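A.B. asks: Data file upload.csv (CSV, C-alpha atoms (C1' of nucleotides)) is appended below.
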chain,number,residue,atom,x,y,z
A,1,MET,CA,7.2,-11.7,-35.7
A,2,SER,CA,10.9,-11.6,-35.8
A,3,THR,CA,12.6,-13.9,-33.4
A,4,THR,CA,15.6,-11.7,-33.6
A,5,THR,CA,14.3,-9.0,-31.4
A,6,ALA,CA,15.9,-5.8,-30.5
A,7,TYR,CA,16.8,-7.4,-27.2
A,8,GLU,CA,18.9,-10.1,-28.8
A,9,ARG,CA,20.7,-7.4,-30.8
A,10,GLN,CA,21.4,-5.4,-27.7
A,11,VAL,CA,22.9,-8.4,-25.9
A,12,ARG,CA,25.0,-9.3,-28.9
A,13,GLU,CA,26.2,-5.7,-29.3
A,14,ALA,CA,27.2,-5.6,-25.7
A,15,GLY,CA,29.7,-8.4,-26.6
A,16,LEU,CA,27.7,-11.1,-24.8
A,17,ARG,CA,26.4,-14.4,-26.1
A,18,VAL,CA,22.8,-14.4,-26.9
A,19,THR,CA,21.0,-16.9,-24.8
A,20,ARG,CA,17.3,-17.5,-23.9
A,21,PRO,CA,17.7,-16.5,-20.3
A,22,ARG,CA,19.4,-13.3,-21.2
A,23,VAL,CA,16.9,-12.2,-23.7
A,24,ALA,CA,14.0,-13.2,-21.4
A,25,VAL,CA,15.5,-11.2,-18.5
A,26,LEU,CA,16.2,-8.2,-20.5
A,27,ALA,CA,12.7,-8.2,-21.9
A,28,ALA,CA,11.2,-8.7,-18.5
A,29,VAL,CA,13.1,-5.8,-17.0
A,30,HIS,CA,12.4,-3.6,-19.9
A,31,GLU,CA,8.7,-4.2,-19.7
A,32,HIS,CA,8.5,-4.1,-15.9
A,33,PRO,CA,11.1,-1.7,-14.5
A,34,HIS,CA,12.0,-1.7,-10.8
A,35,LEU,CA,11.3,-5.4,-10.2
A,36,ASP,CA,13.4,-7.3,-7.8
A,37,THR,CA,15.4,-10.4,-8.6
A,38,GLU,CA,12.7,-12.8,-7.5
A,39,GLU,CA,10.0,-11.1,-9.6
A,40,ILE,CA,12.3,-11.1,-12.6
A,41,LEU,CA,12.9,-14.8,-12.0
A,42,GLY,CA,9.2,-15.3,-12.0
A,43,LEU,CA,8.7,-13.6,-15.3
A,44,ALA,CA,11.7,-15.4,-16.9
A,45,ARG,CA,10.2,-18.7,-15.8
A,46,ALA,CA,6.8,-17.7,-17.2
A,47,ASP,CA,8.6,-17.0,-20.4
A,48,LEU,CA,11.0,-19.9,-20.7
A,49,GLY,CA,9.5,-22.7,-18.6
A,50,ALA,CA,12.5,-23.2,-16.4
A,51,VAL,CA,15.5,-21.1,-15.4
A,52,SER,CA,17.6,-21.5,-12.4
A,53,HIS,CA,17.9,-19.0,-9.7
A,54,GLN,CA,21.5,-18.8,-10.4
A,55,ALA,CA,21.2,-18.1,-14.1
A,56,VAL,CA,19.1,-15.1,-13.4
A,57,TYR,CA,21.6,-13.7,-10.9
A,58,ASP,CA,24.4,-14.3,-13.4
A,59,VAL,CA,22.5,-12.7,-16.2
A,60,LEU,CA,21.5,-9.7,-14.1
A,61,ARG,CA,25.1,-9.2,-13.2
A,62,ALA,CA,26.4,-9.7,-16.7
A,63,LEU,CA,23.8,-7.3,-18.2
A,64,THR,CA,24.5,-4.8,-15.5
A,65,THR,CA,28.2,-4.7,-15.9
A,66,ALA,CA,27.7,-4.6,-19.7
A,67,GLY,CA,25.7,-1.4,-19.1
A,68,LEU,CA,22.4,-2.8,-20.4
A,69,LEU,CA,20.8,-2.7,-17.0
A,70,ARG,CA,21.1,-0.4,-14.0
A,71,ARG,CA,20.9,-1.8,-10.5
A,72,ILE,CA,19.1,0.2,-7.9
A,73,GLU,CA,18.9,-0.7,-4.3
A,74,PRO,CA,16.7,1.4,-2.0
A,75,GLU,CA,17.3,0.9,1.7
A,76,GLY,CA,15.5,-2.0,3.1
A,77,SER,CA,14.7,-3.5,-0.2
A,78,PRO,CA,16.4,-6.2,-2.3
A,79,ALA,CA,18.1,-5.1,-5.5
A,80,ARG,CA,16.0,-3.9,-8.4
A,81,TYR,CA,16.8,-3.4,-12.0
A,82,GLU,CA,15.8,-1.1,-14.8
A,83,THR,CA,16.8,-0.6,-18.4
A,84,ARG,CA,17.0,3.2,-18.4
A,85,VAL,CA,20.8,3.6,-18.3
A,86,GLY,CA,23.0,6.6,-19.1
A,87,ASP,CA,20.3,9.2,-18.8
A,88,ASN,CA,20.0,11.5,-15.9
A,89,HIS,CA,17.1,10.3,-13.8
A,90,HIS,CA,16.4,9.5,-10.2
A,91,HIS,CA,13.9,7.7,-8.1
A,92,LEU,CA,10.9,8.4,-6.0
A,93,VAL,CA,10.2,5.7,-3.4
A,94,CYS,CA,7.1,5.2,-1.3
A,95,ARG,CA,7.9,4.7,2.3
A,96,SER,CA,4.8,2.7,2.8
A,97,CYS,CA,4.4,0.3,-0.1
A,98,GLY,CA,7.9,0.6,-1.7
A,99,THR,CA,6.7,1.6,-5.1
A,100,ILE,CA,9.4,3.2,-7.2
A,101,VAL,CA,8.8,5.7,-10.0
A,102,ASP,CA,11.3,7.5,-12.2
A,103,VAL,CA,11.8,11.2,-12.0
A,104,ASP,CA,13.9,13.4,-14.1
A,105,CYS,CA,15.8,16.1,-12.4
A,106,THR,CA,14.4,19.2,-13.7
A,107,VAL,CA,16.6,21.9,-12.5
A,108,GLY,CA,18.7,22.3,-15.7
A,109,ALA,CA,22.1,21.0,-15.0
A,110,ALA,CA,22.5,18.5,-12.3
A,111,PRO,CA,21.8,20.4,-9.1
A,112,CYS,CA,23.2,19.5,-5.8
A,113,LEU,CA,25.8,17.8,-7.9
A,114,THR,CA,28.7,19.7,-6.7
A,115,ALA,CA,29.2,19.0,-3.1
A,116,SER,CA,30.3,22.0,-1.1
A,117,ASP,CA,33.5,20.3,-0.2
A,118,ASP,CA,34.6,17.2,-2.2
A,119,HIS,CA,37.2,16.2,0.3
A,120,GLY,CA,39.6,15.5,-2.6
A,121,PHE,CA,37.3,12.8,-4.0
A,122,VAL,CA,36.8,12.5,-7.7
A,123,ILE,CA,33.0,12.4,-8.0
A,124,ASP,CA,31.6,10.5,-10.9
A,125,GLU,CA,28.0,10.2,-9.9
A,126,ALA,CA,25.4,11.8,-7.8
A,127,GLU,CA,22.5,9.6,-6.9
A,128,VAL,CA,19.3,11.1,-5.6
A,129,VAL,CA,16.4,9.2,-3.9
A,130,PHE,CA,13.2,11.0,-3.0
A,131,TRP,CA,11.3,9.5,-0.1
A,132,GLY,CA,7.6,10.0,0.4
A,133,LEU,CA,4.1,8.6,0.2
A,134,CYS,CA,2.5,7.5,-3.0
A,135,PRO,CA,-1.1,8.7,-3.7
A,136,THR,CA,-2.6,5.3,-2.8
A,137,CYS,CA,-0.8,5.1,0.5
A,138,GLN,CA,-1.7,8.7,1.4
A,139,ALA,CA,-5.3,7.8,1.1
A,140,ALA,CA,-4.9,4.6,3.1
A,141,HIS,CA,-2.9,6.4,5.9
A,142,ALA,CA,-5.3,9.3,6.0
A,143,SER,CA,-8.2,7.0,6.9
A,144,THR,CA,-6.3,4.8,9.4
A,145,THR,CA,-3.4,6.5,11.2
A,146,SER,CA,-2.8,10.1,11.4
A,147,ARG,CA,1.0,10.1,11.2
A,148,PRO,CA,3.0,6.9,10.7
A,149,HIS,CA,6.4,8.5,10.7
A,150,GLY,CA,8.6,10.4,13.1
A,151,GLY,CA,10.3,13.7,12.6
A,152,ASN,CA,13.5,13.9,10.7
A,153,THR,CA,11.9,15.3,7.7
A,154,ARG,CA,14.5,17.9,6.8
A,155,VAL,CA,16.3,17.7,3.6
B,1,MET,CA,34.6,12.8,35.4
B,2,SER,CA,30.9,12.8,35.5
B,3,THR,CA,29.3,9.4,35.0
B,4,THR,CA,26.2,11.2,33.9
B,5,THR,CA,27.4,12.1,30.5
B,6,ALA,CA,25.7,14.0,27.8
B,7,TYR,CA,24.9,10.7,26.1
B,8,GLU,CA,23.0,9.5,29.1
B,9,ARG,CA,21.0,12.7,29.1
B,10,GLN,CA,20.3,12.4,25.4
B,11,VAL,CA,19.0,8.9,25.8
B,12,ARG,CA,16.8,9.9,28.7
B,13,GLU,CA,15.5,13.0,27.0
B,14,ALA,CA,14.5,10.9,24.1
B,15,GLY,CA,12.1,9.1,26.4
B,16,LEU,CA,14.2,5.9,26.6
B,17,ARG,CA,15.6,4.1,29.5
B,18,VAL,CA,19.2,4.7,30.2
B,19,THR,CA,21.2,1.5,30.0
B,20,ARG,CA,24.8,0.7,29.6
B,21,PRO,CA,24.5,-0.7,26.0
B,22,ARG,CA,22.6,2.3,24.9
B,23,VAL,CA,25.1,4.8,26.2
B,24,ALA,CA,28.0,2.8,24.9
B,25,VAL,CA,26.5,2.5,21.4
B,26,LEU,CA,25.6,6.2,21.3
B,27,ALA,CA,29.1,7.1,22.4
B,28,ALA,CA,30.7,4.8,19.9
B,29,VAL,CA,28.7,6.1,17.0
B,30,HIS,CA,29.3,9.6,18.0
B,31,GLU,CA,33.0,9.1,18.1
B,32,HIS,CA,33.2,7.0,15.0
B,33,PRO,CA,30.6,8.0,12.5
B,34,HIS,CA,29.7,5.7,9.6
B,35,LEU,CA,30.6,2.4,11.3
B,36,ASP,CA,28.6,-0.6,10.5
B,37,THR,CA,26.8,-2.7,13.0
B,38,GLU,CA,29.6,-5.2,13.6
B,39,GLU,CA,32.1,-2.5,14.2
B,40,ILE,CA,29.8,-0.8,16.6
B,41,LEU,CA,29.4,-4.1,18.4
B,42,GLY,CA,33.1,-4.3,18.7
B,43,LEU,CA,33.4,-0.9,20.2
B,44,ALA,CA,30.5,-1.6,22.6
B,45,ARG,CA,32.2,-4.8,23.7
B,46,ALA,CA,35.5,-3.1,24.2
B,47,ASP,CA,33.6,-0.6,26.4
B,48,LEU,CA,31.3,-2.9,28.4
B,49,GLY,CA,33.0,-6.3,28.3
B,50,ALA,CA,30.1,-8.1,26.9
B,51,VAL,CA,27.0,-7.2,24.9
B,52,SER,CA,24.9,-9.4,22.8
B,53,HIS,CA,24.6,-9.1,19.1
B,54,GLN,CA,20.9,-8.6,19.5
B,55,ALA,CA,21.2,-5.9,22.1
B,56,VAL,CA,23.2,-3.8,19.7
B,57,TYR,CA,20.7,-4.3,16.9
B,58,ASP,CA,17.9,-3.4,19.3
B,59,VAL,CA,19.7,-0.3,20.6
B,60,LEU,CA,20.5,0.9,17.1
B,61,ARG,CA,16.9,0.6,16.1
B,62,ALA,CA,15.6,2.2,19.3
B,63,LEU,CA,18.0,5.1,19.0
B,64,THR,CA,17.3,5.5,15.3
B,65,THR,CA,13.5,5.6,15.7
B,66,ALA,CA,14.0,8.0,18.6
B,67,GLY,CA,15.9,10.3,16.3
B,68,LEU,CA,19.2,10.1,18.0
B,69,LEU,CA,20.9,8.2,15.2
B,70,ARG,CA,20.5,8.2,11.5
B,71,ARG,CA,20.9,5.0,9.6
B,72,ILE,CA,22.6,5.1,6.2
B,73,GLU,CA,22.9,2.2,3.9
B,74,PRO,CA,25.0,2.7,0.7
B,75,GLU,CA,24.4,0.0,-1.9
B,76,GLY,CA,26.5,-3.1,-1.3
B,77,SER,CA,27.3,-2.2,2.2
B,78,PRO,CA,25.7,-3.2,5.5
B,79,ALA,CA,23.9,-0.5,7.5
B,80,ARG,CA,25.9,2.3,9.0
B,81,TYR,CA,25.0,4.9,11.6
B,82,GLU,CA,25.8,8.5,12.5
B,83,THR,CA,24.8,11.0,15.1
B,84,ARG,CA,24.3,13.9,12.8
B,85,VAL,CA,20.6,14.0,12.5
B,86,GLY,CA,18.2,16.7,11.5
B,87,ASP,CA,20.7,18.8,9.6
B,88,ASN,CA,20.8,18.8,5.8
B,89,HIS,CA,23.8,16.8,4.9
B,90,HIS,CA,24.6,14.1,2.5
B,91,HIS,CA,27.3,11.5,1.8
B,92,LEU,CA,30.3,11.0,-0.4
B,93,VAL,CA,31.2,7.3,-0.8
B,94,CYS,CA,34.4,5.9,-2.3
B,95,ARG,CA,33.7,3.2,-4.8
B,96,SER,CA,36.9,1.5,-4.1
B,97,CYS,CA,37.4,1.4,-0.3
B,98,GLY,CA,33.9,2.3,0.8
B,99,THR,CA,35.0,5.3,2.9
B,100,ILE,CA,32.2,7.7,3.7
B,101,VAL,CA,32.5,11.4,4.4
B,102,ASP,CA,29.8,13.9,5.2
B,103,VAL,CA,29.1,16.8,2.8
B,104,ASP,CA,26.9,19.7,3.3
B,105,CYS,CA,24.8,20.6,0.3
B,106,THR,CA,25.9,24.1,-0.5
B,107,VAL,CA,23.3,25.3,-2.9
B,108,GLY,CA,21.3,27.3,-0.4
B,109,ALA,CA,18.0,25.7,0.1
B,110,ALA,CA,17.7,22.0,-0.6
B,111,PRO,CA,18.3,21.7,-4.3
B,112,CYS,CA,17.2,19.0,-6.5
B,113,LEU,CA,14.6,18.6,-3.9
B,114,THR,CA,11.7,19.3,-6.1
B,115,ALA,CA,11.4,16.5,-8.6
B,116,SER,CA,10.2,17.6,-11.9
B,117,ASP,CA,7.1,15.5,-11.6
B,118,ASP,CA,6.2,14.3,-8.2
B,119,HIS,CA,3.7,11.7,-9.5
B,120,GLY,CA,1.3,12.7,-6.7
B,121,PHE,CA,3.7,11.6,-4.0
B,122,VAL,CA,4.1,13.6,-0.9
B,123,ILE,CA,7.9,13.9,-0.7
B,124,ASP,CA,9.4,14.3,2.7
B,125,GLU,CA,13.1,13.7,2.1
B,126,ALA,CA,15.6,13.8,-0.7
B,127,GLU,CA,18.7,11.7,-0.1
B,128,VAL,CA,21.8,12.4,-2.1
B,129,VAL,CA,24.8,10.0,-2.4
B,130,PHE,CA,27.9,11.1,-4.3
B,131,TRP,CA,30.0,8.3,-5.7
B,132,GLY,CA,33.6,8.7,-6.5
B,133,LEU,CA,37.2,7.8,-5.5
B,134,CYS,CA,38.8,9.0,-2.4
B,135,PRO,CA,42.3,10.6,-2.7
B,136,THR,CA,44.0,7.4,-1.4
B,137,CYS,CA,42.3,5.2,-3.9
B,138,GLN,CA,42.9,7.6,-6.7
B,139,ALA,CA,46.6,7.3,-6.0
B,140,ALA,CA,46.4,3.5,-5.8
B,141,HIS,CA,44.4,3.1,-9.0
B,142,ALA,CA,46.5,5.6,-10.9
B,143,SER,CA,49.6,3.3,-10.4
B,144,THR,CA,47.8,0.0,-11.1
B,145,THR,CA,44.9,0.3,-13.5
B,146,SER,CA,44.1,3.1,-15.8
B,147,ARG,CA,40.3,3.1,-15.4
B,148,PRO,CA,38.5,0.8,-13.1
B,149,HIS,CA,35.0,1.8,-13.9
B,150,GLY,CA,32.8,1.9,-17.0
B,151,GLY,CA,30.7,4.6,-18.5
B,152,ASN,CA,27.4,5.7,-16.9
B,153,THR,CA,28.9,8.7,-15.4
B,154,ARG,CA,26.1,11.1,-16.1
B,155,VAL,CA,24.3,12.6,-13.3
C,1,DC,C1',29.4,-29.1,-41.8
C,2,DC,C1',31.9,-30.7,-37.5
C,3,DG,C1',34.1,-30.5,-33.2
C,4,DC,C1',36.0,-27.9,-29.7
C,5,DC,C1',36.3,-24.8,-25.6
C,6,DA,C1',35.2,-20.9,-23.2
C,7,DA,C1',31.2,-19.1,-21.7
C,8,DA,C1',26.8,-20.0,-19.7
C,9,DC,C1',23.6,-22.9,-17.1
C,10,DT,C1',22.1,-26.3,-13.2
C,11,DG,C1',21.6,-27.7,-8.4
C,12,DG,C1',22.9,-27.4,-4.1
C,13,DA,C1',25.5,-25.8,-0.3
C,14,DA,C1',27.2,-21.8,2.2
C,15,DC,C1',27.3,-17.0,3.9
C,16,DG,C1',26.4,-12.5,6.1
C,17,DA,C1',23.1,-9.3,7.7
C,18,DG,C1',19.4,-9.0,10.1
C,19,DT,C1',15.0,-10.7,12.6
C,20,DC,C1',12.2,-13.6,15.6
C,21,DA,C1',11.0,-15.9,19.9
C,22,DA,C1',11.2,-17.4,24.7
C,23,DG,C1',12.9,-16.6,28.8
C,24,DT,C1',15.7,-13.6,32.3
C,25,DT,C1',17.3,-9.3,34.1
C,26,DT,C1',17.0,-4.5,35.2
C,27,DC,C1',15.3,0.3,35.2
C,28,DG,C1',12.8,3.5,37.5
C,29,DC,C1',8.1,5.1,38.9
C,30,DG,C1',5.0,4.8,42.8
D,1,DC,C1',11.6,-1.4,48.1
D,2,DG,C1',8.8,-3.7,45.1
D,3,DC,C1',6.5,-4.4,40.8
D,4,DG,C1',5.6,-4.1,35.8
D,5,DA,C1',7.3,-2.9,31.6
D,6,DA,C1',11.2,-2.3,29.0
D,7,DA,C1',15.5,-4.1,27.9
D,8,DC,C1',18.8,-7.8,27.6
D,9,DT,C1',20.6,-12.9,26.5
D,10,DT,C1',20.8,-17.0,23.8
D,11,DG,C1',20.0,-19.3,19.9
D,12,DA,C1',17.5,-20.6,16.0
D,13,DC,C1',16.0,-19.0,11.7
D,14,DT,C1',14.9,-16.2,7.3
D,15,DC,C1',16.2,-13.9,3.2
D,16,DG,C1',18.9,-12.2,-0.5
D,17,DT,C1',23.0,-13.3,-2.5
D,18,DT,C1',27.2,-15.7,-3.7
D,19,DC,C1',30.3,-19.7,-4.2
D,20,DC,C1',31.3,-24.2,-6.0
D,21,DA,C1',31.6,-28.3,-8.9
D,22,DG,C1',29.9,-30.3,-12.7
D,23,DT,C1',27.2,-30.2,-17.2
D,24,DT,C1',25.5,-28.0,-21.3
D,25,DT,C1',25.7,-25.0,-25.2
D,26,DG,C1',26.8,-21.1,-28.5
D,27,DG,C1',29.4,-20.0,-32.2
D,28,DC,C1',34.1,-19.7,-34.3
D,29,DG,C1',38.4,-22.3,-36.6
D,30,DG,C1',39.1,-26.2,-39.4
Please express the file's structure as structure tokens.
C.D. replies:
Amino acid sequence: MSTTTAYERQVREAGLRVTRPRVAVLAAVHEHPHLDTEEILGLARADLGAVSHQAVYDVLRALTTAGLLRRIEPEGSPARYETRVGDNHHHLVCRSCGTIVDVDCTVGAAPCLTASDDHGFVIDEAEVVFWGLCPTCQAAHASTTSRPHGGNTRV
Amino acid sequence: MSTTTAYERQVREAGLRVTRPRVAVLAAVHEHPHLDTEEILGLARADLGAVSHQAVYDVLRALTTAGLLRRIEPEGSPARYETRVGDNHHHLVCRSCGTIVDVDCTVGAAPCLTASDDHGFVIDEAEVVFWGLCPTCQAAHASTTSRPHGGNTRV
DNA sequence: CCGCCAAACTGGAACGAGTCAAGTTTCGCG
DNA sequence: CGCGAAACTTGACTCGTTCCAGTTTGGCGG
């Protein structure tokens, strides 16, 4: 087993120092996408024994600005991170349990990308979030409540 | 001038009691879309003289769940509200100053709505956020920095 | 191979947005 | 016009995140 993992290399190539917390965090996020900061902290601690709260926040920010991580932040949820960067993919979030899964935007070229009127803005990214119920929660809700959510279902 | 404004009617028709804070908040949001809670609180106070922090939070939640308001929450920003509900429109956010403007999604029927693979989810909404630079900030940045943001521009 | 210094980490305090809880006021139906 | 539920007030508190001051450490120049 090489101690010089691909993660170390990635960190180094991003122009950042290679430190244990950084590698641990990068590995954790890579293996478990969409975790929030606290969960990442947990994994990092399991890996290293002890890391400070702060170190993880610093590392996440450093890796994010270096482009190794992408930060996502669905409404009502703390920040989450993933290693899929630079590819065109979006997210599907369960309204009930908060589970997030990746989805690729099929429709050929980025659809809905060109706003009807850009108001003079220079648009550099279109972010899409799909809201719904995951299979598990569908089952759970079907048996208990009939309809948990109100109208406003238009898209 | 009728004291029984359209706002009052709206509140009543939503099955909610008509109270001063509610009408004031609804009016404020209607006249100034995309304000955050604190700004709404300010307007409500200007209107009523005194309202508690809590009342505004309660009212915003009540009106939101009643479907009179829509809550939006761009990353890194506190919650904001608008009265355009039920129509298919999205938002354009300036990375630099945070300004938000509404955009209608041209492309006929909701595009990008169908994820390539829905993972078994029942999708009820697709939310689109366009990120970019508003005209004002473009000018400002052009004179100071050449390029404020990194890569990850794909969509 | 050593020492230096910026970058990275530690611990703890602070902050802003939002929520909770207990008690008082007020809307509006009967 | 009176009563009960809904709405409001005050104030404490939680949670995620950031700030700060001081210590440690990676890795390059000597």
A.B. asks: With only C-alpha atoms (C1' of nucleotides) as the counted atoms, please give the residues lying no more than 10 Å from Gly76 of chain A, apart from itself and same-chain residues fewer than 6 positions off, as a PyMOL selection string.
C.D. replies: (chain A and resi 98) or (chain B and resi 73+79)
A.B. asks: Any chance you could export the current selection's C-alpha atoms as a PDB file, in the frame of the given file?
C.D. replies:
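See part01.pdb below for the written result:
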ATOM      1  CA  GLY A  98       7.900   0.600  -1.700  1.00  0.00           C
TER       2      GLY A  98
ATOM      3  CA  GLU B  73      22.900   2.200   3.900  1.00  0.00           C
ATOM      4  CA  ALA B  79      23.900  -0.500   7.500  1.00  0.00           C
TER       5      ALA B  79
END
A.B. asks: Select, as a PyMOL selection string, those residues of chain D with any atom no more than 12 Å from chain A (distances computed using all atoms listed in the file).
C.D. replies: chain D and resi 15-19+25-27
A.B. asks: Contacts of DG12 of chain C at 12 Å or less, counting only C-alpha atoms (C1' of nucleotides), minus same-chain residues fewer than 6 places along, as a ChimeraX atom specification?
C.D. replies: /A:52-54 /D:19-22
A.B. asks: Taking all atoms listed in the file into account, what are the residues of chain C at most 10 Å from chain B, put as number ranges by chain?
C.D. replies: C: 16-19, 26-28
A.B. asks: Determine, counting only C-alpha atoms (C1' of nucleotides), every residue of protein, DNA or RNA that lies within 8 Å of (17.1, -6.1, 27.4) in the file coordinates, then give the result as a ChimeraX atom specification.
C.D. replies: /B:55 /C:25-26 /D:6-9
A.B. asks: My list of candidates is A:Ala140, A:His30, A:Glu82, A:Glu125. Which is closest to chain B when distances are computed with only C-alpha atoms?
C.D. replies: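 Among the listed residues, the smallest separation from chain B belongs to A:Glu125.
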A.B. asks: List as a PyMOL selection string the protein and nucleic acid residues near DG3 of chain C, meaning an atom at most 12 Å away when only C-alpha atoms (C1' of nucleotides) are counted, but skip any in the same chain fewer than 4 places from it.
C.D. replies: chain D and resi 27-30
A.B. asks: Can you pull out the residues contacting Val25 of chain A? Cut-off 7 Å, using only C-alpha atoms (C1' of nucleotides), and skip same-chain residues under 4 positions away; I want them as a PyMOL selection string.
C.D. replies: chain A and resi 21+29+40+44
A.B. asks: So how far away is atom CA of Tyr81 of chain A from atom CA of Thr64 of chain A, in Å?
C.D. replies: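 Straight-line distance from atom CA of Thr64 of chain A to atom CA of Tyr81 of chain A works out to 8.6 Å.
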A.B. asks: Env of DC20 of chain C: 12 Å cut, atoms = all atoms listed in the file, seq-sep filter 6 positions within chain, self excluded. Answer as a ChimeraX atom specification.
C.D. replies: /B:54 /D:11-14
A.B. asks: Select, from A:Ala24, A:Leu35, A:Val122, A:Leu69, the residue with the minimum atom-to-atom distance to chain B, counting all atoms listed in the file.
C.D. replies: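 So, comparing all the options, the nearest one is A:Val122.
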A.B. asks: With all atoms listed in the file as the atoms that count, which of A:Thr136, A:Arg45, A:Phe130, A:Arg20 lies nearest to chain B?
C.D. replies: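 Closest to chain B, using all atoms listed in the file: A:Phe130.
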A.B. asks: As an exercise, work out the distance from atom CA of Pro74 of chain A to atom CA of Pro33 of chain B in Å and give it to one decimal place.
C.D. replies: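 Interatomic distance here is 21.1 Å.
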